[in-house]
$ cat protein.tsv   # TSV, C-alpha atoms
chain	number	residue	atom	x	y	z
A	1	MET	CA	32.58	-39.58	99.49
A	2	ASP	CA	36.17	-40.50	98.91
A	3	SER	CA	35.17	-42.69	95.95
A	4	ILE	CA	33.29	-39.80	94.38
A	5	MET	CA	36.24	-37.46	94.76
A	6	LYS	CA	38.49	-40.13	93.27
A	7	LYS	CA	36.25	-40.47	90.22
A	8	VAL	CA	36.22	-36.69	89.76
A	9	ARG	CA	40.01	-36.65	90.08
A	10	ASN	CA	40.28	-39.28	87.35
A	11	LEU	CA	38.39	-36.89	85.00
A	12	ASP	CA	41.21	-34.32	85.20
A	13	ALA	CA	42.20	-33.48	81.61
A	14	TYR	CA	45.25	-31.59	82.83
A	15	PRO	CA	47.47	-34.10	84.65
A	16	LYS	CA	50.27	-32.46	86.60
A	17	ILE	CA	53.92	-33.31	86.16
A	18	ASN	CA	56.37	-33.14	89.02
A	19	GLU	CA	58.44	-29.99	88.79
A	20	ASP	CA	61.58	-32.12	89.10
A	21	PHE	CA	60.92	-33.28	85.55
A	22	TYR	CA	60.60	-29.75	84.10
A	23	LYS	CA	63.39	-28.57	81.87
A	24	ARG	CA	63.47	-24.91	80.93
A	25	THR	CA	65.34	-23.74	77.80
A	26	LEU	CA	66.43	-20.40	76.37
A	27	SER	CA	64.43	-20.99	73.19
A	28	GLY	CA	61.35	-21.74	75.28
A	29	GLY	CA	61.74	-18.45	77.17
A	30	LEU	CA	62.07	-16.45	73.94
A	31	ILE	CA	59.04	-18.16	72.45
A	32	THR	CA	57.05	-17.47	75.63
A	33	ILE	CA	57.88	-13.75	75.50
A	34	ALA	CA	57.04	-13.51	71.80
A	35	SER	CA	53.76	-15.40	72.16
A	36	SER	CA	52.75	-13.25	75.15
A	37	ILE	CA	53.29	-10.08	73.13
A	38	VAL	CA	51.27	-11.52	70.23
A	39	MET	CA	48.42	-12.48	72.58
A	40	VAL	CA	48.33	-8.99	74.12
A	41	LEU	CA	48.24	-7.29	70.70
A	42	LEU	CA	45.49	-9.58	69.40
A	43	PHE	CA	43.51	-9.07	72.62
A	44	LEU	CA	43.72	-5.27	72.31
A	45	SER	CA	42.63	-5.48	68.66
A	46	GLU	CA	39.65	-7.63	69.60
A	47	LEU	CA	38.79	-5.31	72.49
A	48	ARG	CA	38.78	-2.31	70.14
A	49	LEU	CA	36.39	-4.10	67.80
A	50	TYR	CA	34.17	-4.97	70.74
A	51	LEU	CA	34.00	-1.38	72.04
A	52	HIS	CA	33.25	0.14	68.61
A	53	ALA	CA	30.16	-0.60	66.54
A	54	ALA	CA	30.69	-2.47	63.29
A	55	THR	CA	28.74	-1.55	60.14
A	56	GLN	CA	26.98	-4.41	58.39
A	57	SER	CA	25.73	-3.93	54.82
A	58	LYS	CA	23.37	-5.84	52.56
A	59	LEU	CA	21.43	-5.40	49.32
A	60	VAL	CA	17.65	-5.72	49.10
A	61	VAL	CA	15.03	-4.96	46.47
A	62	ASP	CA	13.58	-1.46	46.91
A	63	THR	CA	9.84	-2.01	47.45
A	64	SER	CA	8.99	1.51	48.68
A	65	ARG	CA	6.14	3.34	46.94
A	66	GLY	CA	5.00	6.94	46.66
A	67	GLU	CA	8.12	8.52	48.10
A	68	THR	CA	9.79	11.75	46.98
A	69	LEU	CA	13.45	12.29	46.20
A	70	ARG	CA	15.05	15.11	48.15
A	71	ILE	CA	18.03	17.00	46.73
A	72	ASN	CA	19.39	18.19	50.02
A	73	VAL	CA	19.70	21.88	50.89
A	74	ARG	CA	23.20	21.44	52.30
A	75	HIS	CA	24.52	19.85	49.12
A	76	PHE	CA	22.70	21.66	46.34
A	77	ASP	CA	25.30	24.37	45.74
A	78	VAL	CA	26.51	25.37	42.26
A	79	THR	CA	28.63	28.40	41.31
A	80	PHE	CA	28.67	30.02	37.87
A	81	PRO	CA	31.67	32.40	37.81
A	82	ALA	CA	30.64	34.14	34.54
A	83	PHE	CA	26.87	33.69	34.42
A	84	PRO	CA	24.67	36.47	35.93
A	85	CYS	CA	21.88	35.60	38.36
A	86	PHE	CA	19.54	37.85	36.40
A	87	ILE	CA	19.23	35.42	33.48
A	88	LEU	CA	19.69	32.10	35.30
A	89	SER	CA	16.68	29.81	35.81
A	90	LEU	CA	16.19	26.39	37.38
A	91	ASP	CA	13.73	23.78	36.03
A	92	ALA	CA	12.87	20.23	37.06
A	93	MET	CA	10.86	17.58	35.23
A	94	ASP	CA	10.39	13.81	35.27
A	95	ILE	CA	9.16	11.00	33.05
A	96	SER	CA	5.72	11.08	34.68
A	97	GLY	CA	5.11	14.40	32.91
A	98	GLU	CA	5.30	16.59	36.01
A	99	GLN	CA	7.23	19.82	35.48
A	100	HIS	CA	8.43	22.60	37.74
A	101	LEU	CA	9.48	25.53	35.57
A	102	ASP	CA	11.46	28.52	36.77
A	103	ILE	CA	11.62	27.22	40.35
A	104	LYS	CA	11.48	30.04	42.88
A	105	HIS	CA	10.94	28.36	46.23
A	106	ASP	CA	13.74	27.24	48.56
A	107	VAL	CA	16.39	28.53	46.14
A	108	ILE	CA	18.88	31.23	47.16
A	109	LYS	CA	21.01	33.23	44.74
A	110	LYS	CA	24.24	35.11	45.43
A	111	ARG	CA	25.45	37.70	42.95
A	112	LEU	CA	29.22	37.45	42.58
A	113	ASP	CA	31.70	39.90	41.12
A	114	SER	CA	34.52	38.88	38.77
A	115	ARG	CA	36.68	37.94	41.77
A	116	GLY	CA	34.04	35.74	43.34
A	117	ASN	CA	33.08	38.17	46.10
A	118	VAL	CA	29.42	38.31	47.11
A	119	ILE	CA	27.58	41.42	45.89
A	120	GLU	CA	24.07	40.54	47.02
A	121	ILE	CA	22.20	37.61	48.55
A	122	THR	CA	18.55	37.21	47.65
A	123	LYS	CA	15.94	34.51	47.83
A	124	GLN	CA	14.89	33.82	44.27
A	125	ASP	CA	11.76	35.74	43.28
A	126	GLY	CA	11.97	34.79	39.63
A	127	ILE	CA	13.88	36.25	36.70
A	128	GLY	CA	13.32	39.90	35.96
A	129	ALA	CA	13.00	43.26	37.63
A	130	SER	CA	11.01	44.24	40.68
A	131	LYS	CA	7.60	45.85	40.48
A	132	ILE	CA	7.38	49.52	39.63
A	133	ASP	CA	5.35	51.88	41.73
A	134	LYS	CA	3.77	53.97	39.00
A	135	PRO	CA	1.16	52.20	36.81
A	136	LEU	CA	1.67	52.22	33.09
A	137	GLN	CA	-1.73	52.16	31.50
A	138	LYS	CA	-5.22	53.08	32.52
A	139	HIS	CA	-7.98	50.50	32.53
A	140	GLY	CA	-11.48	51.94	32.61
A	141	GLY	CA	-12.76	55.13	34.26
A	142	SER	CA	-11.63	58.65	33.52
A	143	HIS	CA	-8.57	60.64	34.37
A	144	ASN	CA	-10.57	62.76	36.78
A	145	ASN	CA	-11.89	59.83	38.76
A	146	SER	CA	-9.80	59.27	41.86
A	147	ASN	CA	-10.97	55.64	42.06
A	148	GLU	CA	-9.80	54.70	38.58
A	149	THR	CA	-7.67	51.55	38.37
A	150	TYR	CA	-4.66	51.12	36.14
A	151	CYS	CA	-3.82	47.85	34.41
A	152	GLY	CA	-0.76	47.19	32.28
A	153	SER	CA	-1.28	45.41	29.01
A	154	CYS	CA	-0.20	41.78	28.63
A	155	TYR	CA	-0.01	42.25	24.86
A	156	GLY	CA	-2.49	39.51	24.12
A	157	ALA	CA	-0.92	36.94	26.40
A	158	LYS	CA	-3.81	36.91	28.87
A	159	ALA	CA	-7.53	36.61	28.41
A	160	THR	CA	-9.51	39.81	28.80
A	161	SER	CA	-12.04	40.19	31.56
A	162	ASN	CA	-14.64	42.76	32.57
A	163	ASN	CA	-13.30	42.73	36.09
A	164	VAL	CA	-9.97	44.43	36.71
A	165	ASN	CA	-7.70	42.22	38.72
A	166	ASP	CA	-4.06	41.23	38.92
A	167	GLU	CA	-4.63	38.07	36.92
A	168	ASN	CA	-5.39	40.09	33.79
A	169	CYS	CA	-2.91	42.92	34.33
A	170	CYS	CA	0.80	42.96	33.57
A	171	ASN	CA	2.24	45.94	35.41
A	172	THR	CA	5.87	44.76	35.26
A	173	CYS	CA	8.18	43.31	32.65
A	174	GLU	CA	8.36	40.11	34.68
A	175	GLN	CA	4.58	39.75	34.61
A	176	VAL	CA	4.57	40.18	30.84
A	177	ARG	CA	7.27	37.53	30.47
A	178	GLU	CA	5.37	35.20	32.79
A	179	ALA	CA	2.20	35.70	30.73
A	180	TYR	CA	4.15	34.95	27.55
A	181	ARG	CA	5.61	31.82	29.19
A	182	LYS	CA	2.17	30.47	30.06
A	183	LYS	CA	1.08	31.05	26.47
A	184	GLY	CA	4.19	29.35	25.12
A	185	TRP	CA	5.43	32.51	23.46
A	186	ALA	CA	8.95	33.91	23.28
A	187	LEU	CA	9.59	37.56	24.11
A	188	SER	CA	11.65	38.53	21.07
A	189	ASN	CA	12.18	42.25	21.67
A	190	PRO	CA	11.83	43.58	25.25
A	191	ASP	CA	12.25	47.17	24.03
A	192	MET	CA	8.86	46.87	22.31
A	193	ILE	CA	7.24	46.19	25.69
A	194	ASP	CA	6.49	49.37	27.63
A	195	GLN	CA	7.05	47.73	30.99
A	196	CYS	CA	10.42	46.22	30.00
A	197	LYS	CA	11.55	49.45	28.35
A	198	ARG	CA	10.61	51.49	31.38
A	199	GLU	CA	12.35	49.14	33.80
A	200	GLY	CA	15.49	49.01	31.65
A	201	PHE	CA	15.38	45.24	31.17
A	202	LEU	CA	18.21	45.08	28.63
A	203	GLN	CA	20.24	47.66	30.54
A	204	LYS	CA	20.14	45.48	33.65
A	205	ILE	CA	21.47	42.58	31.61
A	206	LYS	CA	24.34	44.78	30.44
A	207	ASP	CA	24.96	46.03	33.99
A	208	GLU	CA	25.41	42.47	35.26
A	209	GLU	CA	27.71	41.36	32.46
A	210	GLY	CA	30.88	39.87	33.90
A	211	GLU	CA	29.15	38.90	37.13
A	212	GLY	CA	28.76	35.37	38.44
A	213	CYS	CA	26.11	33.59	40.44
A	214	ASN	CA	26.04	31.08	43.26
A	215	VAL	CA	22.80	29.08	43.55
A	216	TYR	CA	21.92	26.81	46.45
A	217	GLY	CA	18.81	25.30	47.94
A	218	PHE	CA	16.87	22.05	47.68
A	219	LEU	CA	14.25	20.35	45.53
A	220	GLU	CA	11.53	17.82	46.27
A	221	VAL	CA	10.82	15.68	43.19
A	222	ASN	CA	8.97	12.45	42.48
A	223	LYS	CA	10.88	9.23	42.98
A	224	VAL	CA	11.05	8.51	39.26
A	225	ALA	CA	13.64	9.23	36.59
A	226	GLY	CA	13.92	12.86	35.57
A	227	ASN	CA	16.22	15.84	35.37
A	228	PHE	CA	16.80	19.31	36.73
A	229	HIS	CA	18.87	21.91	34.96
A	230	PHE	CA	20.28	25.41	35.12
A	231	ALA	CA	19.89	27.38	31.90
A	232	PRO	CA	19.50	30.98	30.68
A	233	GLY	CA	16.10	32.54	30.10
A	234	LYS	CA	12.54	31.76	31.10
A	235	SER	CA	11.34	28.28	30.20
A	236	PHE	CA	7.99	27.41	28.65
A	237	GLN	CA	6.24	24.67	26.67
A	238	GLN	CA	5.83	25.08	22.94
A	239	SER	CA	4.16	22.24	21.02
A	240	ASN	CA	4.96	19.91	23.95
A	241	ILE	CA	8.64	20.81	23.67
A	242	HIS	CA	10.55	22.34	26.55
A	243	VAL	CA	12.25	25.53	25.34
A	244	HIS	CA	13.85	28.61	26.90
A	245	ASP	CA	13.32	32.22	25.88
A	246	LEU	CA	16.80	33.33	24.83
A	247	LEU	CA	15.71	35.96	22.32
A	248	SER	CA	14.84	38.48	25.01
A	249	PHE	CA	18.48	38.63	26.10
A	250	GLN	CA	19.66	39.45	22.57
A	251	LYS	CA	22.79	37.38	23.11
A	252	ASP	CA	24.21	34.54	21.05
A	253	SER	CA	26.61	33.09	23.62
A	254	PHE	CA	26.52	32.16	27.30
A	255	ASN	CA	29.47	31.15	29.44
A	256	ILE	CA	28.26	28.06	31.32
A	257	SER	CA	31.52	27.41	33.17
A	258	HIS	CA	30.59	26.17	36.63
A	259	LYS	CA	31.71	24.52	39.83
A	260	ILE	CA	29.58	22.06	41.77
A	261	ASN	CA	30.40	22.84	45.37
A	262	ARG	CA	28.09	20.21	46.81
A	263	LEU	CA	25.35	17.94	45.56
A	264	SER	CA	23.58	15.06	47.30
A	265	PHE	CA	20.29	13.22	47.00
A	266	GLY	CA	19.41	12.90	50.66
A	267	GLU	CA	20.57	13.37	54.21
A	268	TYR	CA	24.16	12.91	55.29
A	269	PHE	CA	25.17	9.62	56.90
A	270	PRO	CA	28.61	8.34	58.02
A	271	GLY	CA	30.76	7.18	55.14
A	272	VAL	CA	28.73	8.75	52.32
A	273	VAL	CA	30.72	9.93	49.28
A	274	ASN	CA	29.22	12.41	46.80
A	275	PRO	CA	31.32	12.12	43.61
A	276	LEU	CA	30.31	15.52	42.20
A	277	ASP	CA	31.42	17.57	45.19
A	278	GLY	CA	34.10	20.01	44.07
A	279	VAL	CA	33.80	19.18	40.34
A	280	GLU	CA	34.66	22.20	38.19
A	281	TRP	CA	34.36	22.78	34.44
A	282	THR	CA	35.74	25.85	32.70
A	283	HIS	CA	35.60	26.24	28.93
A	284	GLU	CA	39.32	27.09	28.71
A	285	PHE	CA	40.14	23.45	29.45
A	286	ILE	CA	37.75	21.84	26.96
A	287	THR	CA	36.87	24.17	24.11
A	288	PRO	CA	37.54	27.72	22.88
A	289	SER	CA	33.77	28.36	22.93
A	290	PRO	CA	32.03	29.14	26.23
A	291	ASN	CA	28.74	27.75	24.94
A	292	GLY	CA	27.99	24.22	25.98
A	293	MET	CA	25.57	21.71	27.38
A	294	TYR	CA	27.08	20.01	30.41
A	295	GLN	CA	25.29	16.74	31.09
A	296	TYR	CA	25.61	14.63	34.23
A	297	PHE	CA	23.97	11.20	34.10
A	298	ILE	CA	23.35	10.09	37.68
A	299	LYS	CA	22.37	6.67	38.99
A	300	VAL	CA	20.75	7.10	42.40
A	301	VAL	CA	20.90	4.16	44.82
A	302	PRO	CA	18.44	4.29	47.75
A	303	THR	CA	20.28	3.83	51.04
A	304	VAL	CA	19.08	3.21	54.59
A	305	TYR	CA	21.53	3.80	57.44
A	306	THR	CA	20.61	2.54	60.91
A	307	HIS	CA	22.64	4.08	63.74
A	308	VAL	CA	23.62	1.97	66.74
A	309	SER	CA	21.21	4.10	68.80
A	310	GLY	CA	18.33	2.98	66.57
A	311	GLN	CA	18.06	6.18	64.52
A	312	VAL	CA	17.19	5.41	60.89
A	313	ILE	CA	18.42	7.71	58.09
A	314	GLN	CA	16.67	7.41	54.72
A	315	SER	CA	19.12	8.71	52.13
A	316	ASN	CA	20.69	7.96	48.74
A	317	GLN	CA	24.08	7.37	47.19
A	318	PHE	CA	24.85	7.91	43.52
A	319	SER	CA	27.32	7.29	40.73
A	320	VAL	CA	27.75	9.63	37.78
A	321	THR	CA	29.04	9.83	34.23
A	322	GLU	CA	29.65	13.11	32.39
A	323	HIS	CA	29.15	14.31	28.85
A	324	ILE	CA	29.80	17.72	27.30
A	325	ARG	CA	28.28	19.07	24.08
A	326	THR	CA	29.86	22.21	22.69
A	327	SER	CA	28.86	24.46	19.83
A	328	GLU	CA	31.20	25.37	17.03
A	329	TYR	CA	31.89	28.91	15.89
A	330	GLY	CA	29.47	30.26	18.48
A	331	ASN	CA	26.33	28.80	16.83
A	332	ILE	CA	23.97	27.42	19.47
A	333	GLN	CA	22.57	24.13	18.22
A	334	PHE	CA	21.06	23.22	21.60
A	335	LEU	CA	20.09	24.80	24.89
A	336	PRO	CA	23.24	25.83	26.78
A	337	GLY	CA	23.17	24.93	30.45
A	338	VAL	CA	24.04	22.41	33.15
A	339	PHE	CA	21.78	19.34	33.14
A	340	PHE	CA	21.52	16.64	35.81
A	341	PHE	CA	19.73	13.52	34.54
A	342	TYR	CA	18.96	11.08	37.34
A	343	ASP	CA	17.57	7.56	37.41
A	344	LEU	CA	16.66	5.31	40.35
A	345	SER	CA	18.20	1.92	41.04
A	346	PRO	CA	15.76	-0.90	41.97
A	347	ILE	CA	18.27	-2.16	44.54
A	348	LYS	CA	18.45	-0.61	48.01
A	349	VAL	CA	21.59	-0.65	50.18
A	350	THR	CA	21.15	-0.97	53.93
A	351	PHE	CA	23.83	-0.18	56.50
A	352	ALA	CA	23.36	-1.11	60.16
A	353	GLU	CA	25.69	-0.31	63.05
A	354	GLU	CA	25.89	-3.16	65.56
A	355	TYR	CA	27.97	-3.97	68.61
A	356	ILE	CA	29.61	-7.39	68.89
A	357	SER	CA	28.02	-9.44	71.67
A	358	PHE	CA	30.02	-10.18	74.82
A	359	LEU	CA	29.82	-13.93	74.22
A	360	HIS	CA	31.27	-13.44	70.74
A	361	PHE	CA	34.03	-11.29	72.23
A	362	LEU	CA	34.76	-13.93	74.91
A	363	THR	CA	34.88	-16.67	72.28
A	364	ASN	CA	37.38	-14.70	70.19
A	365	VAL	CA	39.57	-14.01	73.24
A	366	CYS	CA	39.64	-17.71	74.11
A	367	ALA	CA	40.48	-18.55	70.51
A	368	ILE	CA	43.34	-16.04	70.59
A	369	VAL	CA	44.82	-17.38	73.84
A	370	GLY	CA	44.37	-21.04	72.93
A	371	GLY	CA	45.55	-20.63	69.36
A	372	VAL	CA	48.70	-18.69	70.20
A	373	PHE	CA	49.50	-21.05	73.11
A	374	THR	CA	49.10	-24.13	70.90
A	375	VAL	CA	51.14	-22.75	68.00
A	376	SER	CA	53.93	-21.55	70.30
A	377	GLY	CA	53.97	-24.99	72.01
A	378	ILE	CA	54.34	-26.73	68.64
A	379	LEU	CA	57.10	-24.32	67.65
A	380	ASP	CA	58.93	-24.83	70.97
A	381	SER	CA	58.66	-28.62	70.67
A	382	PHE	CA	60.01	-28.52	67.12
A	383	ILE	CA	63.00	-26.38	68.17
A	384	TYR	CA	63.72	-28.48	71.28
A	385	HIS	CA	63.63	-31.88	69.55
A	386	GLY	CA	65.46	-30.51	66.53
A	387	HIS	CA	68.23	-29.26	68.77
A	388	LYS	CA	68.51	-32.71	70.42
A	389	VAL	CA	68.74	-34.41	67.03
A	390	ILE	CA	71.53	-32.05	65.95
A	391	LYS	CA	73.50	-32.80	69.14
A	392	LYS	CA	73.17	-36.56	68.60
A	393	MET	CA	74.40	-36.18	65.06
A	394	GLU	CA	77.42	-34.25	66.27
A	395	ILE	CA	78.49	-36.99	68.71
A	396	GLY	CA	77.60	-39.78	66.26
A	397	LYS	CA	74.79	-41.32	68.31
A	398	PHE	CA	71.98	-40.52	65.88
A	399	SER	CA	70.77	-43.63	64.08

$ encode --input "protein.tsv" --output "structure tokens"
Amino acid sequence: MDSIMKKVRNLDAYPKINEDFYKRTLSGGLITIASSIVMVLLFLSELRLYLHAATQSKLVVDTSRGETLRINVRHFDVTFPAFPCFILSLDAMDISGEQHLDIKHDVIKKRLDSRGNVIEITKQDGIGASKIDKPLQKHGGSHNNSNETYCGSCYGAKATSNNVNDENCCNTCEQVREAYRKKGWALSNPDMIDQCKREGFLQKIKDEEGEGCNVYGFLEVNKVAGNFHFAPGKSFQQSNIHVHDLLSFQKDSFNISHKINRLSFGEYFPGVVNPLDGVEWTHEFITPSPNGMYQYFIKVVPTVYTHVSGQVIQSNQFSVTEHIRTSEYGNIQFLPGVFFFYDLSPIKVTFAEEYISFLHFLTNVCAIVGGVFTVSGILDSFIYHGHKVIKKMEIGKFS
């Protein structure tokens, strides 16, 4: 047993020196204090990293298929300080050929006065006036028949039918304009339409002059390149060309100054930055003319964020470049409006929150203690032996 203990004792890598041979110095005490403070600070820094999750990122090829791109409700918020809600429309289209014209669902409009105060908040029901109670024209039957049905004319924009139904009747100005849109026609003179004249279509445009509009909501679009835009008038297809009916407003200029309060292409996740939030364009800063086509070219990068709890957030980041086209002398050479052209990146960014393992933390703590102790020992030895050499040189014994 004694031989075994002796062999174990011979394996001691830390041989002890008799305390009678210790020599303590002032420099050694100062170095010990300094190294202890450094070790404590480094330990606290490592402990903070251990207690908080670290975010790891990497790039992978986006292999997802058949997904839709969501323009989030919380971040789709644009204000037009001098553009009435009455004439503002929202369209979306993509390179696959799918189009959503005059979008009405999940879009909220706020009428604003010249000072930016809210006049009215309404869910978008389309551009135009509300339905009128009294029918305009009689369809079939006699005046004395209590069961006679009235049907407003669509002025040739809808096919006739022997059966009276809403699909072939235009009892409001909005229904006439919608029928014209489906035919690809422009409504050149609303005063020639009984429904529009009766509802005071042009008068309502004049009544809202000087007002602004705040539009917010969300869109669900295909995950392919495309665009969505805010522009005046009702949009329609004419010879496979996307056009807007501006003639019905009898105006030759539109003030498209705007402020993008918020815009994102997905759910919020920690650290996301949306570069268009708070961007504002007013024509006074760029051109004397209020007409213009404001174009934002957006590169959308799919992003997956995995929370430390395991929650996965499918979202997107984006970068943007801007371009402005303005008309000269008030002549509109293009459709005035605010256009957002987006394209998808084939690369996906993934973020994952992870805690550092305890073994990794323990390894770093040992490295801190051992490293600081070793460096301080080298520094102390250098100072001690250097001091001895200087003393020998002073008394002439150094050789």

$ atom_distance --input "protein.tsv" --atom1 "CA of Cys151 in chain A" --atom2 "CA of Cys169 in chain A"
5.0 Å

$ atom_distance --input "protein.tsv" --atom1 "CA of Trp281 in chain A" --atom2 "CA of Phe80 in chain A"
9.8 Å

$ atom_distance --input "protein.tsv" --atom1 "CA of Cys196 in chain A" --atom2 "CA of Ser89 in chain A"
18.5 Å

$ closest_residue --input "protein.tsv" --among "A:Leu187, A:Val301, A:Val118, A:Ile37" --to "Pro81 in chain A" --atoms "only C-alpha atoms"
A:Val118

$ residues_around --input "protein.tsv" --residues "Asn364 in chain A" --least-positions-apart "6" --cutoff "10 Å" --atoms "all atoms listed in the file" --output "list in words"
Leu42, Phe43, Glu46, Leu47, Phe358 and Gly370 of chain A

$ residues_around --input "protein.tsv" --residues "His100 in chain A" --least-positions-apart "2" --cutoff "12 Å" --atoms "only C-alpha atoms" --output "list in words"
Ser89, Leu90, Asp91, Ala92, Met93, Asp94, Gly97, Glu98, Asp102, Ile103, Lys104, His105, Leu219, Glu220, Val221, Asn222, Gly226, Asn227, Phe228, His229, Ser235, Phe236, Gln237 and His242 of chain A

$ closest_residue --input "protein.tsv" --among "A:Met293, A:Ile260, A:Val365, A:Cys154" --to "His323 in chain A" --atoms "only C-alpha atoms"
A:Met293
